[in-house]
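Colleague: My structure is in data_22.txt, and what it holds is compact mmCIF, C-alpha atoms and all ligand atoms:
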# COMPACT_ATOMS: atom_id res chain seq x y z
CA MET A 364 71.08 -11.92 -207.18
CA LYS A 365 73.68 -14.51 -206.24
CA ILE A 366 76.52 -12.02 -205.85
CA LEU A 367 74.51 -9.89 -203.41
CA LYS A 368 73.39 -12.92 -201.40
CA GLU A 369 76.99 -14.04 -201.06
CA ARG A 370 78.08 -10.57 -199.98
CA ILE A 371 75.35 -10.33 -197.35
CA MET A 372 76.31 -13.74 -195.96
CA ARG A 373 79.96 -12.69 -195.90
CA ASP A 374 79.83 -9.07 -194.73
CA GLY A 375 76.31 -8.51 -193.36
CA HIS A 376 75.71 -8.48 -189.61
CA CYS A 377 72.58 -8.95 -187.61
CA LEU A 378 71.71 -6.38 -184.93
CA GLU A 379 69.14 -6.50 -182.13
CA GLY A 380 65.56 -5.83 -183.27
CA GLY A 381 65.76 -7.54 -186.64
CA ILE A 382 68.16 -5.10 -188.25
CA LEU A 383 70.57 -6.20 -190.95
CA LYS A 384 73.77 -4.16 -190.94
CA VAL A 385 75.22 -3.75 -194.41
CA ASP A 386 77.13 -0.53 -193.94
CA SER A 387 80.42 -1.84 -195.31
CA PHE A 388 79.00 -2.19 -198.84
CA ILE A 389 75.48 -0.68 -199.20
CA ASN A 390 74.59 2.23 -196.97
CA HIS A 391 77.71 3.83 -195.50
CA GLN A 392 80.73 2.66 -197.44
CA LEU A 393 79.44 1.77 -200.91
CA ASP A 394 80.80 -0.98 -203.11
CA THR A 395 80.32 0.87 -206.40
CA ARG A 396 80.80 -2.18 -208.59
CA LEU A 397 78.18 -4.11 -206.65
CA MET A 398 75.88 -1.07 -206.72
CA ARG A 399 76.19 -0.93 -210.51
CA GLN A 400 75.38 -4.63 -210.77
CA ILE A 401 72.32 -4.05 -208.57
CA ALA A 402 71.22 -1.13 -210.77
CA GLU A 403 71.70 -3.26 -213.91
CA GLU A 404 69.48 -5.93 -212.40
CA PHE A 405 66.82 -3.32 -211.54
CA GLN A 406 67.02 -2.09 -215.14
CA ARG A 407 66.58 -5.64 -216.49
CA ARG A 408 63.63 -6.41 -214.22
CA PHE A 409 61.82 -3.13 -214.88
CA ALA A 410 62.56 -3.05 -218.63
CA ASP A 411 58.86 -3.45 -219.50
CA LEU A 412 57.74 -0.42 -217.48
CA ASN A 413 57.07 2.98 -218.96
CA VAL A 414 58.55 5.41 -216.46
CA ASN A 415 59.85 8.94 -216.83
CA LYS A 416 61.30 9.45 -213.35
CA ILE A 417 63.01 7.60 -210.53
CA LEU A 418 62.01 8.56 -207.01
CA THR A 419 63.88 7.68 -203.83
CA VAL A 420 64.38 8.79 -200.23
CA GLU A 421 67.52 10.35 -198.82
CA ALA A 422 70.04 9.14 -197.90
CA SER A 423 70.57 5.45 -198.60
CA GLY A 424 68.29 5.22 -201.62
CA ILE A 425 70.18 7.86 -203.56
CA ALA A 426 73.15 5.73 -204.65
CA PRO A 427 71.21 2.89 -206.34
CA ALA A 428 68.65 5.37 -207.72
CA VAL A 429 71.30 7.59 -209.34
CA ILE A 430 73.15 4.67 -210.93
CA LEU A 431 69.83 3.32 -212.26
CA GLY A 432 68.94 6.81 -213.46
CA CYS A 433 72.21 6.94 -215.42
CA LEU A 434 71.52 3.53 -216.97
CA MET A 435 67.91 4.38 -217.88
CA ASP A 436 68.72 7.97 -218.80
CA LEU A 437 66.06 9.28 -216.41
CA PRO A 438 66.00 12.07 -213.83
CA VAL A 439 66.16 11.08 -210.17
CA VAL A 440 64.22 12.89 -207.46
CA PHE A 441 64.96 12.20 -203.81
CA ALA A 442 62.42 13.04 -201.16
CA LYS A 443 64.08 15.10 -198.45
CA LYS A 444 63.81 14.45 -194.74
CA LYS A 445 64.18 18.09 -193.71
CA VAL A 446 62.26 21.01 -195.15
CA PRO A 447 64.82 23.18 -196.98
CA SER A 448 64.49 26.91 -196.32
CA THR A 449 64.64 27.44 -200.09
CA MET A 450 61.59 25.26 -200.77
CA ASP A 451 58.21 26.96 -200.47
CA ASP A 452 55.82 24.91 -202.59
CA MET A 453 55.99 21.26 -201.60
CA TYR A 454 54.15 18.07 -200.76
CA GLN A 455 54.82 16.82 -197.25
CA THR A 456 54.06 13.72 -195.22
CA THR A 457 55.19 12.13 -191.95
CA VAL A 458 56.90 8.73 -191.76
CA ARG A 459 57.73 6.47 -188.82
CA SER A 460 61.37 5.34 -189.00
CA PHE A 461 61.84 1.59 -188.64
CA THR A 462 65.44 1.78 -187.46
CA LYS A 463 65.22 4.90 -185.29
CA GLN A 464 61.69 4.49 -183.85
CA SER A 465 60.93 8.18 -184.41
CA ASP A 466 58.96 10.25 -186.91
CA TYR A 467 60.42 12.21 -189.78
CA SER A 468 59.04 14.41 -192.54
CA LEU A 469 59.31 13.58 -196.21
CA VAL A 470 59.06 16.49 -198.60
CA VAL A 471 59.25 16.88 -202.33
CA SER A 472 58.93 20.07 -204.32
CA LYS A 473 55.74 20.46 -206.36
CA ALA A 474 58.01 21.36 -209.27
CA PHE A 475 59.47 17.83 -209.41
CA LEU A 476 56.43 15.60 -208.90
CA THR A 477 53.40 16.21 -211.10
CA PRO A 478 50.38 14.37 -212.60
CA ALA A 479 52.51 13.78 -215.73
CA ASP A 480 54.95 11.59 -213.78
CA HIS A 481 55.13 7.80 -214.01
CA VAL A 482 57.44 6.91 -211.19
CA LEU A 483 59.74 4.04 -210.28
CA PHE A 484 60.52 4.11 -206.54
CA ILE A 485 63.90 2.70 -205.43
CA ASP A 486 65.16 2.22 -201.87
CA ASP A 487 67.77 0.22 -199.99
CA PHE A 488 65.42 -1.68 -197.63
CA LEU A 489 61.80 -2.70 -197.47
CA ALA A 490 60.94 -3.42 -193.83
CA ILE A 491 57.39 -2.60 -192.73
CA GLY A 492 57.00 -0.29 -195.69
CA ASN A 493 56.59 3.05 -193.94
CA ALA A 494 59.00 4.93 -196.21
CA ALA A 495 57.27 3.47 -199.29
CA LYS A 496 53.89 4.39 -197.82
CA GLY A 497 55.14 7.98 -197.41
CA ILE A 498 56.15 7.98 -201.08
CA ILE A 499 52.69 6.69 -202.06
CA ASN A 500 51.19 9.55 -200.06
CA LEU A 501 53.41 12.17 -201.79
CA CYS A 502 52.59 10.72 -205.23
CA GLN A 503 48.87 10.76 -204.42
CA GLN A 504 49.10 14.43 -203.40
CA ALA A 505 50.91 15.19 -206.67
CA GLY A 506 48.64 13.05 -208.85
CA ALA A 507 51.70 11.08 -210.02
CA THR A 508 51.47 7.36 -210.86
CA ILE A 509 53.72 4.76 -209.22
CA GLU A 510 54.55 2.10 -211.81
CA GLY A 511 56.80 -0.02 -209.62
CA MET A 512 58.96 -0.26 -206.53
CA GLY A 513 62.43 -1.80 -206.26
CA PHE A 514 64.38 -2.63 -203.11
CA ILE A 515 67.90 -3.91 -202.62
CA VAL A 516 66.92 -5.89 -199.51
CA GLU A 517 63.40 -6.93 -198.55
CA LYS A 518 62.75 -8.29 -195.07
CA GLU A 519 59.94 -10.74 -195.67
CA PHE A 520 59.18 -11.23 -191.98
CA THR A 521 58.02 -7.62 -191.52
CA HIS A 522 55.39 -8.01 -194.28
CA GLY A 523 55.97 -4.69 -196.06
CA ARG A 524 55.20 -6.28 -199.43
CA GLU A 525 51.70 -7.36 -198.37
CA MET A 526 50.96 -3.89 -197.01
CA LEU A 527 52.10 -2.25 -200.28
CA GLN A 528 50.11 -4.72 -202.38
CA GLU A 529 47.03 -3.88 -200.32
CA MET A 530 47.70 -0.23 -201.17
CA GLY A 531 47.62 -1.08 -204.88
CA ILE A 532 51.33 -1.47 -205.67
CA ASN A 533 51.42 -4.62 -207.75
CA ARG A 534 54.94 -4.40 -209.15
CA ILE A 535 57.57 -4.94 -206.46
CA GLU A 536 61.07 -6.28 -207.16
CA SER A 537 63.64 -7.06 -204.47
CA MET A 538 67.20 -8.05 -205.20
CA VAL A 539 67.44 -10.17 -202.06
CA ILE A 540 64.72 -11.38 -199.70
CA VAL A 541 65.60 -12.01 -196.05
CA GLU A 542 63.38 -14.76 -194.66
CA SER A 543 64.46 -14.42 -191.07
CA LEU A 544 66.98 -12.85 -188.71
CA ASP A 545 65.85 -14.97 -185.75
CA ASN A 546 68.59 -15.65 -183.19
CA CYS A 547 70.75 -13.29 -185.22
CA GLU A 548 71.10 -15.85 -187.97
CA ILE A 549 70.72 -14.45 -191.49
CA LYS A 550 68.42 -16.63 -193.59
CA LEU A 551 67.97 -15.58 -197.22
CA LYS A 552 65.28 -16.81 -199.58
CA GLU A 553 66.57 -19.19 -202.29
P1 LIG B 1 60.37 0.74 -193.73
O1 LIG B 1 59.99 2.16 -193.94
O2 LIG B 1 60.09 -0.17 -194.88
O3 LIG B 1 59.84 0.19 -192.46
O4 LIG B 1 61.95 0.77 -193.55
C1 LIG B 1 62.72 1.18 -194.62
C2 LIG B 1 63.83 2.09 -194.21
O5 LIG B 1 64.34 1.76 -192.91
C3 LIG B 1 64.95 1.89 -195.20
O6 LIG B 1 65.02 3.02 -196.03
C4 LIG B 1 66.18 1.75 -194.35
O7 LIG B 1 66.88 2.97 -194.32
C5 LIG B 1 65.70 1.43 -192.97
N1 LIG B 1 65.81 0.00 -192.64
C6 LIG B 1 64.80 -0.86 -192.40
N2 LIG B 1 65.25 -2.06 -192.05
C7 LIG B 1 66.58 -1.99 -192.08
C8 LIG B 1 67.63 -2.93 -191.80
O8 LIG B 1 67.42 -4.10 -191.45
N3 LIG B 1 68.90 -2.48 -191.95
C9 LIG B 1 69.20 -1.21 -192.32
N4 LIG B 1 70.47 -0.90 -192.45
N5 LIG B 1 68.24 -0.29 -192.58
C10 LIG B 1 66.95 -0.68 -192.47
Please express the file's structure as structure tokens.
Modeller:
Amino acid sequence: MKILKERIMRDGHCLEGGILKVDSFINHQLDTRLMRQIAEEFQRRFADLNVNKILTVEASGIAPAVILGCLMDLPVVFAKKKVPSTMDDMYQTTVRSFTKQSDYSLVVSKAFLTPADHVLFIDDFLAIGNAAKGIINLCQQAGATIEGMGFIVEKEFTHGREMLQEMGINRIESMVIVESLDNCEIKLKE
């Protein structure tokens, strides 16, 4: 996605520890026009898939997932990071946060993830793939099928894609692939 590459080169910043900061347009302030263009590209790339639900993780995955859900006319479920007091029957797993270096829970209600579900997972970043692995775990508990995974930014150098492929996810689409953030220089894949 040329427009996203240009935006990352213009407004993205590199932080210590291989973190790409994109909070002026993706995950704090949102550029809604760009987000819609991203969702349209997801829709185009996943047009051949038969899915009945979009799954994401709060908080940063919700925006692209909801816009895609509107375009595809599908419900969106977001896995929650805190157990709500109102939820009693749920699937739960533990995930290691890449950016915060701590563990968090991911929960989804049993009412919204079932063996009848064919899921498309959407998130803002693919780093080492821990969040995606948590989603695989929740879907396995529910007996749901993951048909594909889509990321706005994939960091190639942390090898999340390989890990997910080894876990049996063979449809992964990323809007932009970051080859390297060495020496705080952003290098995107052509
Ligand atoms: P993973 O679970 O694949 O290791 O990391 C994915 C999650 O960590 C994403 O949902 C995102 O919130 C966060 N993350 C990973 N790498 C980056 C990064 O370079 N920049 C930002 N802003 N978030 C990241």
Colleague: Which protein, DNA or RNA residues have an atom within 10 Å of ligand LIG 1 (chain B), counting only C-alpha atoms and all ligand atoms, as a tab-separated table (two decimals) with C-alpha atoms, keeping the file's coordinate frame?
Modeller:
chain	number	residue	atom	x	y	z
A	375	GLY	CA	76.31	-8.51	-193.36
A	376	HIS	CA	75.71	-8.48	-189.61
A	377	CYS	CA	72.58	-8.95	-187.61
A	378	LEU	CA	71.71	-6.38	-184.93
A	379	GLU	CA	69.14	-6.50	-182.13
A	380	GLY	CA	65.56	-5.83	-183.27
A	381	GLY	CA	65.76	-7.54	-186.64
A	382	ILE	CA	68.16	-5.10	-188.25
A	383	LEU	CA	70.57	-6.20	-190.95
A	384	LYS	CA	73.77	-4.16	-190.94
A	385	VAL	CA	75.22	-3.75	-194.41
A	386	ASP	CA	77.13	-0.53	-193.94
A	389	ILE	CA	75.48	-0.68	-199.20
A	390	ASN	CA	74.59	2.23	-196.97
A	391	HIS	CA	77.71	3.83	-195.50
A	419	THR	CA	63.88	7.68	-203.83
A	420	VAL	CA	64.38	8.79	-200.23
A	421	GLU	CA	67.52	10.35	-198.82
A	422	ALA	CA	70.04	9.14	-197.90
A	423	SER	CA	70.57	5.45	-198.60
A	424	GLY	CA	68.29	5.22	-201.62
A	458	VAL	CA	56.90	8.73	-191.76
A	459	ARG	CA	57.73	6.47	-188.82
A	460	SER	CA	61.37	5.34	-189.00
A	461	PHE	CA	61.84	1.59	-188.64
A	462	THR	CA	65.44	1.78	-187.46
A	463	LYS	CA	65.22	4.90	-185.29
A	464	GLN	CA	61.69	4.49	-183.85
A	485	ILE	CA	63.90	2.70	-205.43
A	486	ASP	CA	65.16	2.22	-201.87
A	487	ASP	CA	67.77	0.22	-199.99
A	488	PHE	CA	65.42	-1.68	-197.63
A	489	LEU	CA	61.80	-2.70	-197.47
A	490	ALA	CA	60.94	-3.42	-193.83
A	491	ILE	CA	57.39	-2.60	-192.73
A	492	GLY	CA	57.00	-0.29	-195.69
A	493	ASN	CA	56.59	3.05	-193.94
A	494	ALA	CA	59.00	4.93	-196.21
A	495	ALA	CA	57.27	3.47	-199.29
A	496	LYS	CA	53.89	4.39	-197.82
A	497	GLY	CA	55.14	7.98	-197.41
A	498	ILE	CA	56.15	7.98	-201.08
A	514	PHE	CA	64.38	-2.63	-203.11
A	515	ILE	CA	67.90	-3.91	-202.62
A	516	VAL	CA	66.92	-5.89	-199.51
A	517	GLU	CA	63.40	-6.93	-198.55
A	518	LYS	CA	62.75	-8.29	-195.07
A	521	THR	CA	58.02	-7.62	-191.52
A	522	HIS	CA	55.39	-8.01	-194.28
A	523	GLY	CA	55.97	-4.69	-196.06
A	524	ARG	CA	55.20	-6.28	-199.43
A	527	LEU	CA	52.10	-2.25	-200.28
A	541	VAL	CA	65.60	-12.01	-196.05
A	544	LEU	CA	66.98	-12.85	-188.71
Colleague: Between A:Glu553, A:Asp394, A:Phe409, A:Glu404, which has the minimum distance to Met512 of chain A (counting all atoms listed in the file)?
Modeller: A:Phe409
Colleague: Record the distance separating atom CA of Gln504 of chain A and atom CA of Thr457 of chain A, expressed in Å with one decimal.
Modeller: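 Distance reported for this atom pair: 13.2 Å.
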Colleague: With distances taken over only C-alpha atoms, which residue among A:Gly511, A:Pro438, A:Ile366, A:Leu431 lies nearest Phe475 of chain A?
Modeller: A:Pro438
Colleague: How would you write as a list in words the residues that get within 7 Å of (51.2, 7.2, -210.8) in the file's frame, counting all atoms listed in the file?
Modeller: Asp480, His481, Val482, Cys502, Gly506, Ala507, Thr508, Ile509 and Glu510 of chain A
Colleague: Tell me, as a short mmCIF file (atom, residue, chain, number, x, y, z; two decimals) with C-alpha atoms, keeping the file's coordinate frame, which residues lie within 10 Å of Val429 of chain A, counting all atoms listed in the file; anything in the same chain fewer than 6 positions away does not count.
Modeller:
data_model
loop_
_atom_site.label_atom_id
_atom_site.label_comp_id
_atom_site.auth_asym_id
_atom_site.auth_seq_id
_atom_site.Cartn_x
_atom_site.Cartn_y
_atom_site.Cartn_z
CA ARG A 399 76.19 -0.93 -210.51
CA ALA A 402 71.22 -1.13 -210.77
CA ILE A 417 63.01 7.60 -210.53
CA LEU A 418 62.01 8.56 -207.01
CA THR A 419 63.88 7.68 -203.83
CA MET A 435 67.91 4.38 -217.88
CA ASP A 436 68.72 7.97 -218.80
CA LEU A 437 66.06 9.28 -216.41
CA PRO A 438 66.00 12.07 -213.83
CA VAL A 439 66.16 11.08 -210.17
CA VAL A 440 64.22 12.89 -207.46
CA PHE A 441 64.96 12.20 -203.81
CA ILE A 485 63.90 2.70 -205.43
#
Colleague: Can you work out which one of A:Asn415, A:Arg408, A:Phe388, A:Leu476 has the shortest atom-to-atom distance to Asp374 of chain A, counting all atoms listed in the file?
Modeller: A:Phe388
Colleague: Identify which of the residues A:Arg534, A:Lys416, A:Lys473, A:Lys550 lies closest to Phe520 of chain A, counting only C-alpha atoms when measuring atom-to-atom distances.
Modeller: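 Nearest candidate to Phe520 of chain A out of A:Arg534, A:Lys416, A:Lys473, A:Lys550: A:Lys550.
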Colleague: Do you have the atom CA of Ser387 of chain A-atom CA of Pro427 of chain A distance handy?
Modeller: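 Separation between atom CA of Ser387 of chain A and atom CA of Pro427 of chain A: 15.1 Å.
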Colleague: Using all atoms listed in the file, pick whichever of A:Ile425, A:Leu501, A:Ala410, A:Ile371 has the shortest atom-to-atom distance to Met453 of chain A.
Modeller: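 Smallest separation from Met453 of chain A among the options: A:Leu501.
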Colleague: Nearest to Lys365 of chain A among A:Ile535, A:Cys547, A:Ile401, A:Ala505, with distances taken over only C-alpha atoms: which residue is it?
Modeller: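 Under the stated criterion, the closest residue is A:Ile401.
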Colleague: For the atom pair atom CA of Gln503 of chain A and atom CA of Pro478 of chain A, what is the interatomic distance in Å to one decimal place?
Modeller: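 Pair atom CA of Gln503 of chain A / atom CA of Pro478 of chain A returns 9.1 Å.
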